[in-house]
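Written below as C-alpha cells is the structure these notes are about.
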Amino acid sequence: VCIVTGSNTGIGFETSKALVERGYEVVLACRSRDKAVKAVESINTCAGSSNTGGANRSTTCSTSSSQCGGRAVFLHPLDLSSFESVRSFAKAIQERYDSIDVLVNNAGLNTSGNSENNLDLCFQANHLGHFLLTSELMDALLRDGGGRVINLSSVMHHYADGDGSPHSYDYWKRVAQYDDSRKHSAYTPSKLAALLFTLELNRRYGDKGLQSIAVNPGAVSSDIWRNTPRWLVAIFKLVYLTCRQGSTTSVAAATCDFPKDVTYLQPYWLPSFMKVAFPPMEMLGPYVGYRVTEPRFPADGEGGLVTARHLWEASEELASCR
C-alpha cells in the first residue's frame, strides 16, 4: 500500500500511476474529492483490470517498466494546510489499512498566505502538514518491519539560509509564521526542511526498519506554476521536464533498493567527481532518470543532524505532536 499526497495532477499523479503499474494499491491523498475520483478513474483505466503480480521492489529498478496489477483508490480528502484535516485523513487510513509500505509526501505550494492554523500556508502545506501526517501514520509504517517515507525537496534547498549556522529552533519557529512583509517566501526553507526531516526520520527510526529518502524532481512544467504568467509557463514547457520525467526520482525512491546511507536523489547527470551538485546542474542538466547525490546540508558540524533536531522539535510544537 502506498499513499501519495497531491496526486490528482502533476508529479503526484504520474507517481501514483507508475506505482499502480508496479502492482501497488495507491491511495490518492488530495484536497478535492471530485478531482481525486477523476484521477483514480483515469489511472485505473490506464492500468486495466489485469493482475500480473504483487508490488515489486528491485535492486535493478527500472522506472520506465510496467507491471500492472495494482489499483488507485480514494478514501478521504486531505488538506495539508489544516491539521484537523490531516488527523481526519490519517484516522481514515488507519481504519482501512493495518500497514503502509510507502508514504510519498509529494504535495506542495510555491505561494503563501495565512493558514487556518495561523501559520505560513506554504510552510504548513509543504512541511508541517507532512510532518504531522507521517507522525500519525508512523505505527502503520513500522508495522511490517519498516516502510518508506519519500519527501519532495528541490534544487532550492541549496539556497536556504538561516540566521547563523546552524539553523536554530527559533529560526524554524519564525519561518512557520506568516508574515506578508517577508522578503523571501517560505518555499526555499520548506524544501530544506524536507531534507532535514528525511535525515531525522532515518536517525530516529532507521534501526526499526524505516528508510526515508528525499528527492528533487527537477525543474518540471507542472501545476505548481498555476499562478505564474502564461508566457513564462509556455517557456517552462519548452525547457523543463515533463511531469512523467519529474516523477522518476519519487518512483525510484519508493521502489528501488538503496543503501541506508542514501538520502537524496535528483534526475540529472553530474560529473563523477562532483559529490554536491552545482545548483544549476540540478535544474537544467542532462536528464538521466535518477542519480544518487549528496545534498547541501547546513554546516552545523554534524552533517545537518543538529539542524534536523531543531526542525523536528519546532515542528512537534507547531503541529501539536508532543
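Each chain in the C-alpha cells gets a letter, A, B, ..., in the order shown, and its residues are numbered from 1; ligands are numbered from 1 in order too.
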Closest pair table for stretch 209-243 of chain A residues within 7 Å of stretch 138-160 of chain A, only C-alpha atoms, as CSV:
residue,atom,partner,partner_atom,distance
A:Gly209,CA,A:Gly146,CA,4.0
A:Leu210,CA,A:Gly146,CA,4.2
A:Gln211,CA,A:Arg148,CA,5.0
A:Ser212,CA,A:Val149,CA,4.6
A:Ile213,CA,A:Ile150,CA,5.1
A:Ala214,CA,A:Asn151,CA,4.6
A:Val215,CA,A:Leu152,CA,5.1
A:Asn216,CA,A:Ser154,CA,4.6
A:Pro217,CA,A:Ser154,CA,6.9
With the cut-off set at 10 Å and counting only C-alpha atoms, tabulate each residue of stretch 109-194 of chain A with an atom at most that distance from an atom of stretch 220-224 of chain A, showing the nearest atom pair and its distance in Å to one decimal, ordered by chain and increasing number, as a tab-separated table.
residue	atom	partner	partner_atom	distance
A:Leu109	CA	A:Ile224	CA	6.4
A:Asn110	CA	A:Ile224	CA	6.7
A:Thr111	CA	A:Ile224	CA	8.9
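Here atom CA of A:Leu195 stands at a distance of 27.9 Å from atom CA of A:Gly23.
You can rank A:Gln124, A:Ser7, A:Asn114, A:Gln245 by their closest distance to A:Phe74 using only C-alpha atoms, and at the top of that list sits A:Ser7.
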Any idea what's packed within 12 Å of A:Tyr240, counting only C-alpha atoms, ignoring anything in its chain fewer than 6 positions away? Could you give it as a compact mmCIF listing (two decimals) with N, CA, C and O atoms, in the first residue's frame?
# COMPACT_ATOMS: atom_id res chain seq x y z
N PRO A 217 12.62 16.48 -7.89
CA PRO A 217 12.04 16.03 -9.15
C PRO A 217 12.66 16.68 -10.37
O PRO A 217 12.46 16.22 -11.50
N GLY A 218 13.43 17.74 -10.14
CA GLY A 218 13.98 18.53 -11.22
C GLY A 218 13.12 19.74 -11.50
O GLY A 218 12.12 20.00 -10.83
N ALA A 219 13.51 20.51 -12.50
CA ALA A 219 12.70 21.64 -12.94
C ALA A 219 11.61 21.08 -13.85
O ALA A 219 11.89 20.62 -14.95
N VAL A 220 10.36 21.12 -13.36
CA VAL A 220 9.27 20.41 -14.02
C VAL A 220 8.17 21.39 -14.41
O VAL A 220 7.80 22.28 -13.63
N SER A 221 7.63 21.21 -15.59
CA SER A 221 6.49 22.00 -16.04
C SER A 221 5.22 21.36 -15.47
O SER A 221 4.61 20.49 -16.07
N SER A 222 4.85 21.80 -14.27
CA SER A 222 3.74 21.19 -13.54
C SER A 222 2.76 22.26 -13.08
O SER A 222 2.97 23.47 -13.28
N TRP A 225 3.10 25.87 -11.12
CA TRP A 225 3.26 27.18 -11.76
C TRP A 225 1.92 27.78 -12.16
O TRP A 225 1.86 28.67 -13.00
N LEU A 232 5.40 32.87 -19.37
CA LEU A 232 6.52 32.21 -18.71
C LEU A 232 6.28 30.70 -18.63
O LEU A 232 7.20 29.90 -18.82
N VAL A 233 5.02 30.30 -18.39
CA VAL A 233 4.68 28.88 -18.37
C VAL A 233 4.96 28.24 -19.73
O VAL A 233 5.42 27.10 -19.82
N ALA A 234 4.70 28.99 -20.82
CA ALA A 234 4.97 28.48 -22.17
C ALA A 234 6.45 28.19 -22.36
O ALA A 234 6.83 27.19 -22.99
N GLY A 246 9.51 14.09 -14.16
CA GLY A 246 9.69 14.59 -12.81
C GLY A 246 9.32 13.59 -11.73
O GLY A 246 9.77 13.72 -10.58
N PRO A 267 17.45 14.16 -10.75
CA PRO A 267 17.28 13.50 -12.04
C PRO A 267 18.28 13.83 -13.14
O PRO A 267 18.09 13.41 -14.28
N TYR A 268 19.36 14.54 -12.82
CA TYR A 268 20.27 14.99 -13.87
C TYR A 268 21.66 14.34 -13.77
O TYR A 268 22.09 13.96 -12.68
N GLU A 282 21.40 20.98 -11.17
CA GLU A 282 20.25 20.28 -10.62
C GLU A 282 18.94 20.90 -11.09
O GLU A 282 17.87 20.62 -10.57
N MET A 283 19.05 21.77 -12.11
CA MET A 283 17.86 22.40 -12.67
C MET A 283 17.71 22.12 -14.16
O MET A 283 16.62 21.78 -14.63
N LEU A 284 18.81 22.23 -14.87
CA LEU A 284 18.73 22.14 -16.34
C LEU A 284 19.85 21.29 -16.91
O LEU A 284 20.30 21.53 -18.03
N GLY A 285 20.30 20.31 -16.17
CA GLY A 285 21.33 19.41 -16.68
C GLY A 285 20.74 18.36 -17.59
O GLY A 285 19.53 18.29 -17.79
N PRO A 286 21.58 17.46 -18.13
CA PRO A 286 21.07 16.36 -18.95
C PRO A 286 20.26 15.38 -18.09
O PRO A 286 20.76 14.86 -17.09
N TYR A 287 19.02 15.12 -18.49
CA TYR A 287 18.13 14.24 -17.74
C TYR A 287 18.58 12.78 -17.89
O TYR A 287 18.77 12.30 -19.01
Point to revise | Distance criterion (only C-alpha atoms): nearest to A:Val40 out of A:Lys237, A:Arg204, A:Arg291, A:Lys17 | key: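 Nearest to A:Val40: A:Lys17.
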Review point. Distance atom CA of A:Ala90-atom CA of A:Val4, one decimal place?
Key: 12.7 Å
Point to revise | Among the residues A:Thr307, A:Asn202, A:Thr228, A:Ser88, the one that comes closest to A:Thr263 [using only C-alpha atoms] | key: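 Closest to A:Thr263 of all the choices is A:Asn202.
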Set the distance at 12 Å and use only C-alpha atoms: which residues neighbour A:Thr248 once local chain neighbours fewer than 3 positions away are removed? I'd like the list as a JSON list (two decimals) with N, CA, C and O atoms, in the first residue's frame.
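Saved file selection_13.json follows:
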[["chain", "number", "residue", "atom", "x", "y", "z"],
["A", 11, "ILE", "N", 3.14, 15.85, -10.89],
["A", 11, "ILE", "CA", 4.12, 14.84, -10.48],
["A", 11, "ILE", "C", 3.47, 13.76, -9.63],
["A", 11, "ILE", "O", 3.75, 12.57, -9.77],
["A", 12, "GLY", "N", 2.58, 14.17, -8.73],
["A", 12, "GLY", "CA", 1.90, 13.20, -7.86],
["A", 12, "GLY", "C", 1.04, 12.22, -8.63],
["A", 12, "GLY", "O", 1.00, 11.02, -8.31],
["A", 13, "PHE", "N", 0.35, 12.70, -9.64],
["A", 13, "PHE", "CA", -0.47, 11.83, -10.49],
["A", 13, "PHE", "C", 0.41, 10.82, -11.22],
["A", 13, "PHE", "O", 0.11, 9.62, -11.23],
["A", 14, "GLU", "N", 1.50, 11.29, -11.81],
["A", 14, "GLU", "CA", 2.39, 10.40, -12.54],
["A", 14, "GLU", "C", 3.08, 9.40, -11.61],
["A", 14, "GLU", "O", 3.30, 8.24, -11.98],
["A", 15, "THR", "N", 3.41, 9.84, -10.40],
["A", 15, "THR", "CA", 4.00, 8.93, -9.41],
["A", 15, "THR", "C", 3.00, 7.83, -9.05],
["A", 15, "THR", "O", 3.34, 6.65, -9.02],
["A", 16, "SER", "N", 1.76, 8.22, -8.80],
["A", 16, "SER", "CA", 0.72, 7.25, -8.45],
["A", 16, "SER", "C", 0.49, 6.27, -9.59],
["A", 16, "SER", "O", 0.37, 5.05, -9.37],
["A", 17, "LYS", "N", 0.42, 6.78, -10.79],
["A", 17, "LYS", "CA", 0.21, 5.93, -11.96],
["A", 17, "LYS", "C", 1.33, 4.91, -12.10],
["A", 17, "LYS", "O", 1.08, 3.71, -12.34],
["A", 18, "ALA", "N", 2.58, 5.35, -11.93],
["A", 18, "ALA", "CA", 3.72, 4.44, -12.05],
["A", 18, "ALA", "C", 3.71, 3.38, -10.95],
["A", 18, "ALA", "O", 4.06, 2.22, -11.19],
["A", 19, "LEU", "N", 3.30, 3.75, -9.75],
["A", 19, "LEU", "CA", 3.26, 2.79, -8.65],
["A", 19, "LEU", "C", 2.15, 1.76, -8.85],
["A", 19, "LEU", "O", 2.31, 0.58, -8.53],
["A", 61, "CYS", "N", 16.23, -1.60, -10.49],
["A", 61, "CYS", "CA", 14.94, -0.97, -10.74],
["A", 61, "CYS", "C", 14.94, -0.19, -12.04],
["A", 61, "CYS", "O", 15.86, 0.55, -12.32],
["A", 62, "SER", "N", 13.89, -0.37, -12.81],
["A", 62, "SER", "CA", 13.67, 0.44, -14.00],
["A", 62, "SER", "C", 12.43, 1.27, -13.75],
["A", 62, "SER", "O", 11.36, 0.74, -13.51],
["A", 63, "THR", "N", 12.55, 2.59, -13.83],
["A", 63, "THR", "CA", 11.41, 3.46, -13.57],
["A", 63, "THR", "C", 10.56, 3.65, -14.81],
["A", 63, "THR", "O", 9.64, 4.45, -14.81],
["A", 64, "SER", "N", 10.85, 2.93, -15.89],
["A", 64, "SER", "CA", 10.01, 3.03, -17.07],
["A", 64, "SER", "C", 9.26, 1.74, -17.36],
["A", 64, "SER", "O", 8.37, 1.70, -18.19],
["A", 65, "SER", "N", 9.62, 0.67, -16.66],
["A", 65, "SER", "CA", 8.96, -0.61, -16.91],
["A", 65, "SER", "C", 7.55, -0.61, -16.31],
["A", 65, "SER", "O", 7.25, 0.15, -15.40],
["A", 152, "LEU", "N", 9.53, 15.23, -0.94],
["A", 152, "LEU", "CA", 9.94, 16.01, -2.10],
["A", 152, "LEU", "C", 10.65, 17.28, -1.67],
["A", 152, "LEU", "O", 10.07, 18.14, -1.03],
["A", 215, "VAL", "N", 13.85, 13.61, -2.44],
["A", 215, "VAL", "CA", 14.06, 13.64, -3.88],
["A", 215, "VAL", "C", 13.85, 15.04, -4.43],
["A", 215, "VAL", "O", 13.00, 15.80, -3.95],
["A", 216, "ASN", "N", 14.64, 15.37, -5.41],
["A", 216, "ASN", "CA", 14.44, 16.56, -6.23],
["A", 216, "ASN", "C", 13.86, 16.08, -7.55],
["A", 216, "ASN", "O", 14.50, 15.33, -8.27],
["A", 217, "PRO", "N", 12.62, 16.48, -7.89],
["A", 217, "PRO", "CA", 12.04, 16.03, -9.15],
["A", 217, "PRO", "C", 12.66, 16.68, -10.37],
["A", 217, "PRO", "O", 12.46, 16.22, -11.50],
["A", 218, "GLY", "N", 13.43, 17.74, -10.14],
["A", 218, "GLY", "CA", 13.98, 18.53, -11.22],
["A", 218, "GLY", "C", 13.12, 19.74, -11.50],
["A", 218, "GLY", "O", 12.12, 20.00, -10.83],
["A", 220, "VAL", "N", 10.36, 21.12, -13.36],
["A", 220, "VAL", "CA", 9.27, 20.41, -14.02],
["A", 220, "VAL", "C", 8.17, 21.39, -14.41],
["A", 220, "VAL", "O", 7.80, 22.28, -13.63],
["A", 241, "LEU", "N", 11.36, 19.61, -17.52],
["A", 241, "LEU", "CA", 10.96, 18.21, -17.64],
["A", 241, "LEU", "C", 9.45, 18.09, -17.65],
["A", 241, "LEU", "O", 8.73, 18.95, -17.14],
["A", 242, "THR", "N", 8.96, 16.99, -18.22],
["A", 242, "THR", "CA", 7.53, 16.68, -18.12],
["A", 242, "THR", "C", 7.24, 16.15, -16.72],
["A", 242, "THR", "O", 8.15, 15.77, -15.97],
["A", 243, "CYS", "N", 5.96, 16.09, -16.38],
["A", 243, "CYS", "CA", 5.59, 15.55, -15.07],
["A", 243, "CYS", "C", 5.98, 14.08, -14.95],
["A", 243, "CYS", "O", 6.35, 13.61, -13.87],
["A", 244, "ARG", "N", 5.89, 13.34, -16.05],
["A", 244, "ARG", "CA", 6.30, 11.93, -16.04],
["A", 244, "ARG", "C", 7.78, 11.82, -15.72],
["A", 244, "ARG", "O", 8.19, 10.99, -14.89],
["A", 245, "GLN", "N", 8.60, 12.65, -16.36],
["A", 245, "GLN", "CA", 10.03, 12.65, -16.06],
["A", 245, "GLN", "C", 10.28, 13.10, -14.62],
["A", 245, "GLN", "O", 11.14, 12.55, -13.93],
["A", 251, "VAL", "N", 9.50, 7.67, -7.86],
["A", 251, "VAL", "CA", 9.22, 6.26, -8.12],
["A", 251, "VAL", "C", 10.44, 5.41, -7.77],
["A", 251, "VAL", "O", 10.32, 4.34, -7.16],
["A", 252, "ALA", "N", 11.62, 5.88, -8.14],
["A", 252, "ALA", "CA", 12.84, 5.14, -7.80],
["A", 252, "ALA", "C", 13.02, 5.04, -6.30],
["A", 252, "ALA", "O", 13.34, 3.97, -5.76],
["A", 253, "ALA", "N", 12.81, 6.16, -5.59],
["A", 253, "ALA", "CA", 12.98, 6.16, -4.13],
["A", 253, "ALA", "C", 11.99, 5.22, -3.46],
["A", 253, "ALA", "O", 12.29, 4.60, -2.44],
["A", 254, "ALA", "N", 10.80, 5.09, -4.05],
["A", 254, "ALA", "CA", 9.76, 4.24, -3.47],
["A", 254, "ALA", "C", 9.97, 2.76, -3.76],
["A", 254, "ALA", "O", 9.57, 1.91, -2.96],
["A", 255, "THR", "N", 10.60, 2.42, -4.88],
["A", 255, "THR", "CA", 10.59, 1.03, -5.34],
["A", 255, "THR", "C", 11.95, 0.37, -5.48],
["A", 255, "THR", "O", 12.01, -0.86, -5.57],
["A", 256, "CYS", "N", 13.03, 1.13, -5.50],
["A", 256, "CYS", "CA", 14.36, 0.54, -5.67],
["A", 256, "CYS", "C", 15.02, 0.30, -4.32],
["A", 256, "CYS", "O", 14.73, 0.99, -3.34],
["A", 265, "LEU", "N", 18.00, 11.86, -4.05],
["A", 265, "LEU", "CA", 18.06, 11.57, -5.48],
["A", 265, "LEU", "C", 17.70, 12.83, -6.26],
["A", 265, "LEU", "O", 16.84, 13.61, -5.84],
["A", 266, "GLN", "N", 18.34, 13.01, -7.41],
["A", 266, "GLN", "CA", 17.96, 14.08, -8.33],
["A", 266, "GLN", "C", 18.09, 13.54, -9.76],
["A", 266, "GLN", "O", 18.75, 12.52, -9.97],
["A", 267, "PRO", "N", 17.45, 14.16, -10.75],
["A", 267, "PRO", "CA", 17.28, 13.50, -12.04],
["A", 267, "PRO", "C", 18.28, 13.83, -13.14],
["A", 267, "PRO", "O", 18.09, 13.41, -14.28],
["A", 268, "TYR", "N", 19.36, 14.54, -12.82],
["A", 268, "TYR", "CA", 20.27, 14.99, -13.87],
["A", 268, "TYR", "C", 21.66, 14.34, -13.77],
["A", 268, "TYR", "O", 22.09, 13.96, -12.68],
["A", 287, "TYR", "N", 19.02, 15.12, -18.49],
["A", 287, "TYR", "CA", 18.13, 14.24, -17.74],
["A", 287, "TYR", "C", 18.58, 12.78, -17.89],
["A", 287, "TYR", "O", 18.77, 12.30, -19.01],
["A", 288, "VAL", "N", 18.73, 12.08, -16.75],
["A", 288, "VAL", "CA", 19.14, 10.67, -16.78],
["A", 288, "VAL", "C", 18.19, 9.76, -16.01],
["A", 288, "VAL", "O", 18.43, 8.57, -15.90],
["A", 289, "GLY", "N", 17.11, 10.29, -15.48],
["A", 289, "GLY", "CA", 16.18, 9.49, -14.69],
["A", 289, "GLY", "C", 16.33, 9.76, -13.21],
["A", 289, "GLY", "O", 15.55, 10.48, -12.61],
["A", 290, "TYR", "N", 17.35, 9.17, -12.62],
["A", 290, "TYR", "CA", 17.67, 9.49, -11.22],
["A", 290, "TYR", "C", 19.13, 9.20, -10.95],
["A", 290, "TYR", "O", 19.74, 8.34, -11.59],
["A", 291, "ARG", "N", 19.67, 9.96, -10.01],
["A", 291, "ARG", "CA", 21.07, 9.80, -9.63],
["A", 291, "ARG", "C", 21.21, 10.06, -8.14],
["A", 291, "ARG", "O", 20.68, 11.06, -7.63]]
Review point. By how many Å are atom CA of A:Ala125 and atom CA of A:Ser112 apart?
Key: 9.5 Å
Near stretch 313-316 of chain A, 12 Å: stretch 148-234 of chain A residue rows, closest pairs, only C-alpha atoms, as a tab-separated table:
residue	atom	partner	partner_atom	distance
A:His167	CA	A:Ala314	CA	11.3
A:Ser168	CA	A:Ala314	CA	9.2
A:Tyr169	CA	A:Ala314	CA	5.8
A:Asp170	CA	A:Ala314	CA	7.8
A:Tyr171	CA	A:Ala314	CA	9.1
A:Trp172	CA	A:Ala314	CA	6.4
A:Lys173	CA	A:Ala314	CA	6.1
A:Arg174	CA	A:Ala314	CA	9.8
A:Val175	CA	A:Ala314	CA	10.4
A:Ala176	CA	A:Ser315	CA	8.9
A:Gln177	CA	A:Ala314	CA	11.8
A:Ser190	CA	A:Ser315	CA	11.6
A:Ala193	CA	A:Ser315	CA	10.0
A:Ala194	CA	A:Ser315	CA	11.9
A:Leu196	CA	A:Ser315	CA	11.5
A:Phe197	CA	A:Ser315	CA	9.7
A:Glu200	CA	A:Glu313	CA	10.6
Generate a file of the selected residues that holds N, CA, C and O atoms, formatted as a PDB file, in the first residue's frame.
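again-v6.pdb written:
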ATOM      1  N   HIS A 167      20.907  26.413  11.635  1.00  0.00           N
ATOM      2  CA  HIS A 167      19.554  26.951  11.746  1.00  0.00           C
ATOM      3  C   HIS A 167      19.016  26.556  13.122  1.00  0.00           C
ATOM      4  O   HIS A 167      19.054  25.397  13.494  1.00  0.00           O
ATOM      5  N   SER A 168      18.491  27.507  13.822  1.00  0.00           N
ATOM      6  CA  SER A 168      18.096  27.273  15.201  1.00  0.00           C
ATOM      7  C   SER A 168      16.622  26.904  15.307  1.00  0.00           C
ATOM      8  O   SER A 168      15.842  27.058  14.359  1.00  0.00           O
ATOM      9  N   TYR A 169      16.251  26.437  16.478  1.00  0.00           N
ATOM     10  CA  TYR A 169      14.842  26.189  16.806  1.00  0.00           C
ATOM     11  C   TYR A 169      14.018  27.448  16.564  1.00  0.00           C
ATOM     12  O   TYR A 169      12.937  27.401  15.964  1.00  0.00           O
ATOM     13  N   ASP A 170      14.536  28.604  17.002  1.00  0.00           N
ATOM     14  CA  ASP A 170      13.810  29.867  16.832  1.00  0.00           C
ATOM     15  C   ASP A 170      13.675  30.238  15.360  1.00  0.00           C
ATOM     16  O   ASP A 170      12.670  30.832  14.956  1.00  0.00           O
ATOM     17  N   TYR A 171      14.681  29.902  14.557  1.00  0.00           N
ATOM     18  CA  TYR A 171      14.612  30.186  13.127  1.00  0.00           C
ATOM     19  C   TYR A 171      13.413  29.473  12.506  1.00  0.00           C
ATOM     20  O   TYR A 171      12.626  30.069  11.768  1.00  0.00           O
ATOM     21  N   TRP A 172      13.245  28.190  12.805  1.00  0.00           N
ATOM     22  CA  TRP A 172      12.144  27.436  12.216  1.00  0.00           C
ATOM     23  C   TRP A 172      10.797  27.915  12.736  1.00  0.00           C
ATOM     24  O   TRP A 172       9.801  27.910  11.994  1.00  0.00           O
ATOM     25  N   LYS A 173      10.751  28.361  13.987  1.00  0.00           N
ATOM     26  CA  LYS A 173       9.500  28.921  14.511  1.00  0.00           C
ATOM     27  C   LYS A 173       9.137  30.202  13.743  1.00  0.00           C
ATOM     28  O   LYS A 173       7.957  30.439  13.455  1.00  0.00           O
ATOM     29  N   ARG A 174      10.146  31.003  13.415  1.00  0.00           N
ATOM     30  CA  ARG A 174       9.886  32.240  12.662  1.00  0.00           C
ATOM     31  C   ARG A 174       9.445  31.934  11.234  1.00  0.00           C
ATOM     32  O   ARG A 174       8.515  32.559  10.710  1.00  0.00           O
ATOM     33  N   VAL A 175      10.107  30.987  10.596  1.00  0.00           N
ATOM     34  CA  VAL A 175       9.757  30.631   9.217  1.00  0.00           C
ATOM     35  C   VAL A 175       8.299  30.186   9.127  1.00  0.00           C
ATOM     36  O   VAL A 175       7.601  30.469   8.152  1.00  0.00           O
ATOM     37  N   ALA A 176       7.828  29.486  10.159  1.00  0.00           N
ATOM     38  CA  ALA A 176       6.471  28.929  10.138  1.00  0.00           C
ATOM     39  C   ALA A 176       5.386  29.982  10.316  1.00  0.00           C
ATOM     40  O   ALA A 176       4.213  29.717  10.031  1.00  0.00           O
ATOM     41  N   GLN A 177       5.748  31.175  10.775  1.00  0.00           N
ATOM     42  CA  GLN A 177       4.765  32.229  10.990  1.00  0.00           C
ATOM     43  C   GLN A 177       4.570  33.037   9.710  1.00  0.00           C
ATOM     44  O   GLN A 177       5.538  33.456   9.084  1.00  0.00           O
ATOM     45  N   SER A 190      11.265  25.485   3.205  1.00  0.00           N
ATOM     46  CA  SER A 190      10.426  24.284   3.284  1.00  0.00           C
ATOM     47  C   SER A 190      11.068  23.122   2.541  1.00  0.00           C
ATOM     48  O   SER A 190      10.870  21.953   2.908  1.00  0.00           O
ATOM     49  N   ALA A 193      13.729  21.866   4.677  1.00  0.00           N
ATOM     50  CA  ALA A 193      13.069  21.106   5.740  1.00  0.00           C
ATOM     51  C   ALA A 193      12.777  19.674   5.301  1.00  0.00           C
ATOM     52  O   ALA A 193      12.884  18.734   6.102  1.00  0.00           O
ATOM     53  N   ALA A 194      12.430  19.464   4.030  1.00  0.00           N
ATOM     54  CA  ALA A 194      12.172  18.107   3.532  1.00  0.00           C
ATOM     55  C   ALA A 194      13.418  17.239   3.664  1.00  0.00           C
ATOM     56  O   ALA A 194      13.332  16.053   4.022  1.00  0.00           O
ATOM     57  N   LEU A 196      15.980  17.777   5.847  1.00  0.00           N
ATOM     58  CA  LEU A 196      16.293  17.606   7.263  1.00  0.00           C
ATOM     59  C   LEU A 196      15.326  16.645   7.933  1.00  0.00           C
ATOM     60  O   LEU A 196      15.714  15.860   8.809  1.00  0.00           O
ATOM     61  N   PHE A 197      14.062  16.685   7.514  1.00  0.00           N
ATOM     62  CA  PHE A 197      13.056  15.743   8.010  1.00  0.00           C
ATOM     63  C   PHE A 197      13.468  14.316   7.649  1.00  0.00           C
ATOM     64  O   PHE A 197      13.370  13.392   8.460  1.00  0.00           O
ATOM     65  N   GLU A 200      16.338  13.200   9.949  1.00  0.00           N
ATOM     66  CA  GLU A 200      15.922  12.890  11.319  1.00  0.00           C
ATOM     67  C   GLU A 200      15.040  11.649  11.380  1.00  0.00           C
ATOM     68  O   GLU A 200      15.094  10.890  12.364  1.00  0.00           O
TER      69      GLU A 200
END
Practice item. Among the residues of stretch 136-208 of chain A, find those DSSP assigns to alpha helix (DSSP H) from the backbone and print them as JSON, numbers by chain. Key: {"A": [136, 138, 139, 140, 141, 142, 169, 170, 171, 172, 173, 174, 175, 176, 187, 188, 189, 190, 191, 192, 193, 194, 195, 196, 197, 198, 199, 200, 201, 202, 203, 204, 205]}
